[in-house]
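To start, the structure itself, in structure tokens.
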Amino acid sequence: PSCPSVLWLPWRVNQTNMALVPRRIVVSRSVPVVASAPAGKCRVISSKAARPLVSRASSTSTNAAAGPRIDPATIEKLPSHAWWPERLAKLQASDAVSVVGPQEAYDLYKEGKAKIVDVRGEVDFEESRIEGSENLPYLIADKNKARWFVGMMLCTKGGFKGRNDDFVAQFEQRFPDKKAPVLVACRRGGELGGTPVTRGDDGRLVYPEGATSYVDPTQSQSLYACYELMQAGYEDLRIIDGGIVQWFYDELPYEDNPFDFKFHPTILPGIVFQLVVVEFAVVQANLKFASQHPEYGVPIYYKWMDAISAMLSGGGGGGGM
């Protein structure tokens with residue numbers, strides 16, 4: 001069904017004052033506000049439901065044209081292409097963030113000139129890590145227990161994760177010297193000089209070379225972390241090029257073999273769940289096939305179920321087995 005009234009909100013993010021700036025607004029007063037959605041899909045949003053996301057602009061704001069202010073933590077709820085290109089541009093223009101190769105990073109660490117901070121999750125760090133590195137996760141277990149549980153069911157170690165709101169405060173506590181060089185590592189490092197995924201004038205996403213709908217080389221935990229640390233005043237952040245993976249391939253010192261499979265108990269619920277679902281689907285498919293093709297005889301599943309029913313009813317283990 002078509003939407004009778006549309007609130008068109010292709011938000012532009014103003015990073016200077018963390019505000020959302022609507023480019024065009026069309027609202028009908030006679031019907032509830034409907035947020036723009038893909039063709040054939042409408043989503044009604046009441047004014048009360050929208051208030052927690054965007055706070056009221058102050059009447060004494062120094063930049064009234066910038067639109068309603070938004071909490072910094074809320075920006076990440078928007079698609080990354082809405083806010084990351086501007087942040088990446090600031091990283092690229094800053095002298096506080098640079099990229100170093102694994103060998104150069106190792107030399108700096110061995111000479112005692114820099115510390116290595118691994119911003120991956122605790123589970124990944126426990127399984128394999130750079131020798132002498134310290135762990136301070138940028139992502140932690142998702143506060144939304146439903147999303148976290150879905151990650152468990154999909155065999156994601158530690159469940160789905162979300163941004164660590166206390167990351168900068170924890171970093172400042174452990175590394176108070178903001179002028180000292182810090183080597184930042186994650187799984188793949190990220191491309192500081194690359195081109196991010198953006199949205200074109202026609203509304204479609206534009207993928208630069210090397211990017212896909214699943215991977216944007218310019219986005220990584222190291223780059224995200226360095227942006228926040230740069231905003232906090234750190235002056236010498238160095239991202240390890242290629243991340244942990246390249247470090248291992250260059251055969252530099254590490255602890256625990258990263259290429260060995262390591263079972264983690266948090267994936268067990270997902271394994272059990274998926275085995276049950278897959279087995280149920282296979283059984284149902286076979287039963288359906290048997291019912292459509294009786295010439296193949298009674299499937300073994302019927303015999304199994306007869307035997308189990310007989311055992312549960314105390315009649316022994318017959319059932320034609």
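Here, A, B, ... name the chains of the structure tokens in the order displayed, residue numbers run from 1 inside each chain, and ligands are numbered from 1 in the same displayed order.
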
I'd like the neighbourhood of region 148-164 of chain A as a CSV table (one decimal) with N, CA and C atoms, in the first residue's frame, where a residue qualifies if any of its atoms comes within 6 Å (using only C-alpha atoms), though same-chain residues fewer than 6 positions away should be ignored.
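Here's the written file around.csv:
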```
chain,number,residue,atom,x,y,z
A,138,TYR,N,37.0,-2.4,22.2
A,138,TYR,CA,36.2,-1.4,21.7
A,138,TYR,C,34.7,-1.8,21.6
A,139,LEU,N,34.6,-3.1,21.4
A,139,LEU,CA,33.2,-3.7,21.4
A,139,LEU,C,33.1,-4.7,22.5
A,140,ILE,N,31.9,-4.6,23.2
A,140,ILE,CA,31.7,-5.6,24.3
A,140,ILE,C,30.3,-6.2,24.0
A,141,ALA,N,29.9,-7.1,24.9
A,141,ALA,CA,28.6,-7.8,24.7
A,141,ALA,C,27.5,-6.8,24.6
A,142,ASP,N,26.6,-7.0,23.6
A,142,ASP,CA,25.5,-6.1,23.3
A,142,ASP,C,24.6,-5.9,24.6
A,266,THR,N,30.5,-20.4,24.4
A,266,THR,CA,29.4,-19.5,24.0
A,266,THR,C,28.8,-19.9,22.7
A,267,ILE,N,29.5,-20.8,21.9
A,267,ILE,CA,28.9,-21.2,20.6
A,267,ILE,C,28.1,-22.5,20.8
A,270,GLY,N,24.4,-22.3,20.1
A,270,GLY,CA,24.1,-22.1,18.7
A,270,GLY,C,24.3,-23.4,17.9
```

(message) Using only C-alpha atoms, which protein or nucleic acid residues come within 9 Å of Trp84 (chain A)? Drop anything in the same chain fewer than 5 positions from it, and give the result as number ranges by chain.
(response) A: 79, 89, 196-198, 219, 224

For the selection you just gave me, I'd like the residues written to a file as a PDB file, in the first residue's frame, keeping C-alpha atoms.
```pdb
ATOM      1  CA  PRO A  79      23.745   3.371   8.928  1.00  0.00           C
ATOM      2  CA  ALA A  89      37.974  12.569   6.611  1.00  0.00           C
ATOM      3  CA  PRO A 196      34.461   4.867   2.329  1.00  0.00           C
ATOM      4  CA  VAL A 197      31.080   3.615   1.190  1.00  0.00           C
ATOM      5  CA  THR A 198      28.799   6.612   0.581  1.00  0.00           C
ATOM      6  CA  GLN A 219      35.912   0.711   8.660  1.00  0.00           C
ATOM      7  CA  TYR A 224      36.724   3.660  15.183  1.00  0.00           C
TER       8      TYR A 224
END
```

Excluding same-chain residues fewer than 2 positions from Leu223 (chain A), what lies within 9 Å of it counting only C-alpha atoms, as an mmCIF file with N, CA and C atoms, in the first residue's frame?
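Final output, selection.cif:
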```
data_model
loop_
_atom_site.group_PDB
_atom_site.id
_atom_site.type_symbol
_atom_site.label_atom_id
_atom_site.label_comp_id
_atom_site.auth_asym_id
_atom_site.auth_seq_id
_atom_site.Cartn_x
_atom_site.Cartn_y
_atom_site.Cartn_z
ATOM 1 N N LEU A 88 35.997 9.711 8.950
ATOM 2 C CA LEU A 88 37.212 9.245 8.289
ATOM 3 C C LEU A 88 38.003 10.413 7.717
ATOM 4 N N LEU A 91 39.993 11.891 10.401
ATOM 5 C CA LEU A 91 41.142 11.052 10.714
ATOM 6 C C LEU A 91 42.257 11.254 9.691
ATOM 7 N N VAL A 184 47.877 0.707 17.940
ATOM 8 C CA VAL A 184 46.507 0.197 18.048
ATOM 9 C C VAL A 184 46.325 -0.950 17.061
ATOM 10 N N GLY A 189 43.109 -4.066 10.853
ATOM 11 C CA GLY A 189 43.744 -2.760 10.770
ATOM 12 C C GLY A 189 42.897 -1.679 10.135
ATOM 13 N N GLY A 190 42.432 -1.891 8.906
ATOM 14 C CA GLY A 190 41.647 -0.874 8.214
ATOM 15 C C GLY A 190 42.507 0.021 7.355
ATOM 16 N N GLU A 191 41.913 0.606 6.326
ATOM 17 C CA GLU A 191 42.623 1.471 5.389
ATOM 18 C C GLU A 191 42.343 2.933 5.717
ATOM 19 N N LEU A 192 43.317 3.583 6.281
ATOM 20 C CA LEU A 192 43.150 4.990 6.640
ATOM 21 C C LEU A 192 43.064 5.871 5.410
ATOM 22 N N THR A 218 37.630 0.718 4.879
ATOM 23 C CA THR A 218 37.937 1.907 5.679
ATOM 24 C C THR A 218 37.292 1.874 7.053
ATOM 25 N N GLN A 219 36.548 0.809 7.353
ATOM 26 C CA GLN A 219 35.912 0.711 8.660
ATOM 27 C C GLN A 219 36.500 -0.468 9.420
ATOM 28 N N SER A 220 36.977 -0.214 10.613
ATOM 29 C CA SER A 220 37.524 -1.266 11.467
ATOM 30 C C SER A 220 37.476 -0.781 12.909
ATOM 31 N N GLN A 221 37.665 -1.709 13.828
ATOM 32 C CA GLN A 221 37.662 -1.328 15.233
ATOM 33 C C GLN A 221 38.822 -0.384 15.558
ATOM 34 N N ALA A 225 38.180 3.251 17.070
ATOM 35 C CA ALA A 225 38.794 3.573 18.361
ATOM 36 C C ALA A 225 39.686 4.802 18.253
ATOM 37 N N CYS A 226 40.480 4.878 17.179
ATOM 38 C CA CYS A 226 41.393 6.014 17.016
ATOM 39 C C CYS A 226 40.637 7.323 16.839
ATOM 40 N N TYR A 227 39.488 7.278 16.202
ATOM 41 C CA TYR A 227 38.702 8.506 16.052
ATOM 42 C C TYR A 227 38.288 9.033 17.422
ATOM 43 N N GLU A 228 37.784 8.152 18.268
ATOM 44 C CA GLU A 228 37.341 8.593 19.589
ATOM 45 C C GLU A 228 38.520 9.042 20.453
ATOM 46 N N ILE A 239 48.136 2.970 13.873
ATOM 47 C CA ILE A 239 47.394 1.756 13.557
ATOM 48 C C ILE A 239 48.330 0.758 12.884
#
```

(request) From region 140-233 of chain A, collect each residue whose DSSP state is helix (DSSP H, G or I) and return the set as a list in words. (result)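 DSSP on the backbone gives helix (DSSP H, G or I) at Lys145, Ala146, Arg147, Trp148, Phe149, Val150, Gly151, Met152, Met153, Phe167, Val168, Ala169, Gln170, Phe171, Glu172, Gln173, Arg174, Gln221, Ser222, Leu223, Tyr224, Ala225, Cys226, Tyr227, Glu228, Leu229, Met230 and Gln231 of chain A.
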
Determine, counting only C-alpha atoms, which protein, DNA and RNA residues have an atom within 12 Å of an atom of Tyr249 (chain A); residues of the same chain fewer than 3 positions away are not included. Present the result as a compact mmCIF listing (two decimals) with C-alpha atoms, in the first residue's frame.
```txt
# COMPACT_ATOMS: atom_id res chain seq x y z
CA PRO A 102 53.92 -4.74 11.62
CA GLN A 103 57.72 -4.86 11.61
CA ILE A 130 50.45 -10.19 19.82
CA ARG A 188 42.55 -6.28 10.00
CA GLY A 242 46.90 -5.29 8.22
CA GLY A 243 46.09 -5.79 11.87
CA ILE A 244 46.61 -9.01 13.79
CA VAL A 245 46.27 -11.13 10.66
CA GLN A 246 49.20 -9.46 8.89
CA LEU A 252 56.30 -11.80 14.31
CA PRO A 253 56.10 -12.94 17.96
CA TYR A 254 52.63 -13.90 19.13
CA ASN A 257 48.50 -20.14 17.41
CA PRO A 258 45.81 -18.00 15.74
CA PHE A 259 45.23 -20.59 13.01
```
